[in-house]
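Listing of target06.csv, CSV, C-alpha atoms
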```csv
chain,number,residue,atom,x,y,z
A,1,MET,CA,-19.5,-98.3,60.2
A,2,ALA,CA,-22.4,-99.8,58.5
A,3,GLY,CA,-23.7,-98.9,55.0
A,4,PRO,CA,-26.2,-96.1,55.9
A,5,GLN,CA,-23.8,-94.6,58.5
A,6,LEU,CA,-21.0,-94.6,56.0
A,7,ALA,CA,-23.1,-92.9,53.3
A,8,ARG,CA,-24.2,-90.2,55.9
A,9,ALA,CA,-20.6,-89.5,56.8
A,10,VAL,CA,-19.5,-89.2,53.2
A,11,LEU,CA,-22.4,-86.8,52.5
A,12,ASP,CA,-21.6,-84.7,55.5
A,13,ALA,CA,-18.0,-84.4,54.5
A,14,ALA,CA,-19.0,-83.4,51.0
A,15,LEU,CA,-21.4,-80.7,52.3
A,16,ALA,CA,-18.8,-79.3,54.6
A,17,LYS,CA,-16.3,-79.1,51.8
A,18,ARG,CA,-18.8,-77.3,49.6
A,19,ARG,CA,-19.7,-74.8,52.3
A,20,ALA,CA,-16.0,-74.0,52.9
A,21,ALA,CA,-15.4,-73.5,49.1
A,22,GLN,CA,-18.4,-71.1,48.9
A,23,GLN,CA,-17.2,-69.0,51.8
A,24,ALA,CA,-13.5,-68.8,50.6
A,25,PRO,CA,-12.9,-66.0,48.1
A,26,ARG,CA,-12.2,-67.3,44.6
A,27,ARG,CA,-9.0,-66.1,43.0
A,28,ARG,CA,-7.0,-66.8,40.0
A,29,THR,CA,-3.6,-68.4,40.2
A,30,GLY,CA,-0.7,-66.9,38.3
A,31,GLY,CA,0.3,-63.3,37.9
A,32,GLY,CA,-0.2,-62.4,34.3
A,33,GLU,CA,-3.2,-62.2,31.9
A,34,GLY,CA,-4.1,-65.5,30.5
A,35,GLU,CA,-2.2,-67.6,33.0
A,36,GLY,CA,-3.9,-70.1,35.3
A,37,ARG,CA,-7.3,-71.7,35.0
A,38,ARG,CA,-10.4,-69.8,34.2
A,39,LEU,CA,-13.5,-70.2,36.3
A,40,ARG,CA,-16.0,-72.5,34.8
A,41,GLY,CA,-18.7,-70.8,32.8
A,42,TYR,CA,-17.0,-67.5,32.7
A,43,SER,CA,-14.9,-66.3,29.8
A,44,GLY,CA,-13.6,-63.1,31.3
A,45,PRO,CA,-12.2,-60.2,29.3
A,46,GLY,CA,-9.6,-62.2,27.3
A,47,PRO,CA,-10.2,-64.4,24.3
A,48,ASP,CA,-11.7,-67.8,24.8
A,49,PRO,CA,-12.5,-70.6,22.4
A,50,ARG,CA,-16.1,-70.5,23.5
A,51,ASP,CA,-16.4,-66.8,22.4
A,52,PRO,CA,-18.4,-66.1,19.2
A,53,GLN,CA,-16.2,-66.5,16.1
A,54,LEU,CA,-16.4,-64.9,12.7
A,55,PHE,CA,-18.0,-67.2,10.2
A,56,GLY,CA,-15.2,-66.8,7.7
A,57,ALA,CA,-12.6,-67.8,10.3
A,58,VAL,CA,-14.6,-70.8,11.3
A,59,LEU,CA,-15.1,-71.9,7.7
A,60,GLU,CA,-11.4,-71.4,6.9
A,61,ARG,CA,-10.4,-73.5,9.9
A,62,ILE,CA,-12.8,-76.3,8.9
A,63,MET,CA,-11.5,-76.2,5.3
A,64,LYS,CA,-7.9,-76.4,6.5
A,65,GLN,CA,-8.7,-79.4,8.9
A,66,ARG,CA,-10.4,-81.3,6.2
A,67,GLY,CA,-8.0,-80.5,3.4
A,68,TRP,CA,-10.5,-78.6,1.2
A,69,GLN,CA,-8.1,-75.7,0.3
A,70,LYS,CA,-7.4,-77.0,-3.2
A,71,PRO,CA,-11.0,-77.8,-4.2
A,72,ALA,CA,-12.0,-74.4,-2.8
A,73,ALA,CA,-9.3,-72.6,-4.9
A,74,GLU,CA,-10.4,-74.5,-8.0
A,75,ALA,CA,-14.0,-73.4,-7.4
A,76,THR,CA,-12.8,-69.8,-7.0
A,77,VAL,CA,-11.4,-69.9,-10.6
A,78,PHE,CA,-14.9,-70.7,-11.9
A,79,GLY,CA,-17.0,-68.7,-9.4
A,80,ALA,CA,-14.9,-65.5,-9.5
A,81,TRP,CA,-13.7,-65.6,-13.1
A,82,GLU,CA,-14.3,-61.9,-13.7
A,83,LYS,CA,-12.4,-61.0,-10.5
A,84,VAL,CA,-9.6,-63.4,-11.4
A,85,VAL,CA,-8.9,-62.3,-15.0
A,86,GLY,CA,-10.6,-58.9,-15.2
A,87,PRO,CA,-13.9,-57.8,-16.6
A,88,ASP,CA,-12.8,-57.3,-20.2
A,89,ILE,CA,-11.3,-60.8,-20.6
A,90,ALA,CA,-14.2,-62.4,-18.7
A,91,LYS,CA,-16.7,-60.8,-21.0
A,92,HIS,CA,-15.1,-62.6,-24.0
A,93,SER,CA,-14.1,-66.0,-22.4
A,94,ARG,CA,-15.2,-68.5,-19.9
A,95,PRO,CA,-13.5,-71.4,-18.0
A,96,VAL,CA,-14.8,-74.8,-19.1
A,97,LYS,CA,-12.9,-77.3,-17.0
A,98,LEU,CA,-10.0,-77.7,-14.7
A,99,ASP,CA,-8.3,-81.1,-14.8
A,100,ASP,CA,-4.9,-81.9,-13.1
A,101,GLY,CA,-3.9,-78.2,-13.1
A,102,VAL,CA,-4.8,-77.7,-16.8
A,103,LEU,CA,-7.5,-75.0,-17.2
A,104,THR,CA,-9.5,-75.2,-20.4
A,105,VAL,CA,-10.8,-71.8,-21.5
A,106,GLU,CA,-13.3,-71.2,-24.3
A,107,ALA,CA,-13.0,-67.9,-26.1
A,108,GLU,CA,-15.8,-66.0,-27.8
A,109,SER,CA,-14.1,-66.0,-31.1
A,110,THR,CA,-10.9,-67.3,-32.7
A,111,ALA,CA,-9.4,-63.7,-32.5
A,112,TRP,CA,-10.0,-63.7,-28.7
A,113,ALA,CA,-8.5,-67.2,-28.5
A,114,THR,CA,-5.4,-66.0,-30.2
A,115,GLN,CA,-5.2,-62.9,-27.9
A,116,LEU,CA,-5.7,-65.1,-24.8
A,117,ARG,CA,-2.9,-67.4,-26.0
A,118,LEU,CA,-0.6,-64.4,-26.2
A,119,LEU,CA,-1.7,-63.3,-22.7
A,120,ALA,CA,-1.4,-66.9,-21.2
A,121,ALA,CA,1.6,-66.0,-18.9
A,122,THR,CA,-0.1,-62.9,-17.6
A,123,LEU,CA,-3.3,-64.9,-17.0
A,124,LEU,CA,-1.5,-67.6,-15.1
A,125,ARG,CA,0.1,-65.0,-12.9
A,126,SER,CA,-3.2,-63.3,-12.1
A,127,ILE,CA,-4.9,-66.6,-11.4
A,128,ALA,CA,-2.0,-67.7,-9.1
A,129,ALA,CA,-2.2,-64.3,-7.3
A,130,GLU,CA,-5.9,-64.7,-6.7
A,131,VAL,CA,-6.3,-68.4,-5.9
A,132,GLY,CA,-2.8,-69.6,-5.0
A,133,HIS,CA,0.1,-71.3,-6.8
A,134,ASN,CA,0.0,-74.7,-8.4
A,135,VAL,CA,-3.8,-74.7,-8.7
A,136,VAL,CA,-3.7,-73.8,-12.4
A,137,LYS,CA,-0.4,-74.8,-14.0
A,138,ARG,CA,-1.2,-74.6,-17.7
A,139,LEU,CA,-3.9,-73.0,-19.9
A,140,ASN,CA,-5.6,-74.7,-22.8
A,141,ILE,CA,-7.3,-72.0,-24.8
A,142,HIS,CA,-9.6,-72.7,-27.8
A,143,GLY,CA,-12.1,-70.8,-29.8
A,144,PRO,CA,-15.8,-71.4,-30.0
A,145,ALA,CA,-16.9,-74.9,-31.0
A,146,ALA,CA,-17.4,-75.2,-34.8
A,147,PRO,CA,-20.7,-76.7,-36.1
A,148,SER,CA,-20.5,-80.3,-37.0
A,149,TRP,CA,-21.4,-81.2,-40.6
A,150,ASN,CA,-21.7,-85.0,-39.8
A,151,ARG,CA,-25.5,-84.9,-40.0
A,152,GLY,CA,-27.8,-83.4,-42.6
A,153,PRO,CA,-29.6,-84.1,-45.9
A,154,ARG,CA,-26.5,-84.0,-48.0
A,155,ARG,CA,-24.3,-86.2,-45.9
A,156,VAL,CA,-23.3,-89.6,-47.4
A,157,GLN,CA,-23.7,-92.4,-44.8
A,158,GLY,CA,-20.9,-94.8,-44.4
A,159,ARG,CA,-17.5,-94.6,-46.1
A,160,GLY,CA,-18.7,-92.9,-49.2
A,161,PRO,CA,-18.8,-94.1,-52.8
A,162,ARG,CA,-15.0,-94.8,-53.1
A,163,ASP,CA,-15.2,-94.9,-56.9
A,164,THR,CA,-12.5,-92.2,-57.3
A,165,TYR,CA,-9.6,-93.9,-55.6
A,166,GLY,CA,-10.4,-97.5,-56.2
```

For this file, write the structure as structure tokens.
Amino acid sequence: MAGPQLARAVLDAALAKRRAAQQAPRRRTGGGEGEGRRLRGYSGPGPDPRDPQLFGAVLERIMKQRGWQKPAAEATVFGAWEKVVGPDIAKHSRPVKLDDGVLTVEAESTAWATQLRLLAATLLRSIAAEVGHNVVKRLNIHGPAAPSWNRGPRRVQGRGPRDTYG
């Protein structure tokens, strides 16, 4: 057979195969639900990866694939502080930084800092219950930052007069 005749024979065979496939009834192989292959473009009554997914489920799967669980848990400590420690404690304290599992918390007053130090074990348990274990391993609690007296009109520059001890 020459080139055009060969092409015509292949085309006729393909058309005959297509007509036979269209006339034959389609059926699934396998006896149970979810077995066998699904028809292309049709998802059917069962679950299919092409079905619409919940946004939270998709986001959780992406975070797990990319290894973002720990940064997300750390962000939850800051973003949901009131939910994590409770409204009363959250009203009088705020998380400042989280570095290598050590959470620095700044309290509203020195009295609240002392109270939070006494509640440190309870706070660690509630944080672990909310965001997961080993995200926050230790708490560093301090009171409000004291004003600095290093500058001002009555500040002696340098080392001072040194006439007393010299």

Point-to-point distance from atom CA of Ala128 of chain A to atom CA of Ile62 of chain A, Å rounded to tenths: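 According to the coordinates, atom CA of Ala128 of chain A and atom CA of Ile62 of chain A are separated by 22.7 Å.
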
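Between atom CA of Ala145 of chain A and atom CA of Ser93 of chain A lies a distance of 12.7 Å.
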
Separation of atom CA of Leu118 of chain A from atom CA of Pro71 of chain A, in Å and rounded to one decimal: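 Distance reported for this atom pair: 27.8 Å.
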
Pick out the residues sitting within 12 Å of Ala111 of chain A, and hand them over as an mmCIF file with C-alpha atoms, in the frame of the given file; count only C-alpha atoms, and ignore anything fewer than 3 positions along from it in its own chain.
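Generated file (selection-v6.cif):
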```cif
data_model
loop_
_atom_site.group_PDB
_atom_site.id
_atom_site.type_symbol
_atom_site.label_atom_id
_atom_site.label_comp_id
_atom_site.auth_asym_id
_atom_site.auth_seq_id
_atom_site.Cartn_x
_atom_site.Cartn_y
_atom_site.Cartn_z
ATOM 1 C CA HIS A 92 -15.100 -62.600 -24.000
ATOM 2 C CA SER A 93 -14.100 -66.000 -22.400
ATOM 3 C CA GLU A 106 -13.300 -71.200 -24.300
ATOM 4 C CA ALA A 107 -13.000 -67.900 -26.100
ATOM 5 C CA GLU A 108 -15.800 -66.000 -27.800
ATOM 6 C CA THR A 114 -5.400 -66.000 -30.200
ATOM 7 C CA GLN A 115 -5.200 -62.900 -27.900
ATOM 8 C CA LEU A 116 -5.700 -65.100 -24.800
ATOM 9 C CA ARG A 117 -2.900 -67.400 -26.000
ATOM 10 C CA LEU A 118 -0.600 -64.400 -26.200
ATOM 11 C CA ILE A 141 -7.300 -72.000 -24.800
ATOM 12 C CA HIS A 142 -9.600 -72.700 -27.800
ATOM 13 C CA GLY A 143 -12.100 -70.800 -29.800
ATOM 14 C CA PRO A 144 -15.800 -71.400 -30.000
#
```

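Residues of protein, DNA or RNA having at least one counted atom within 7 Å of (-10.9, -71.8, -19.4), given all atoms listed in the file, are Arg94, Pro95, Val96, Lys97, Leu103, Thr104, Val105, Glu106, Asn140 and Ile141 of chain A.
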
Residue nearest Val102 of chain A among A:Ala72, A:Glu82, A:Lys137, A:Leu119 (counting only C-alpha atoms):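 Closest to Val102 of chain A of all the choices is A:Lys137.
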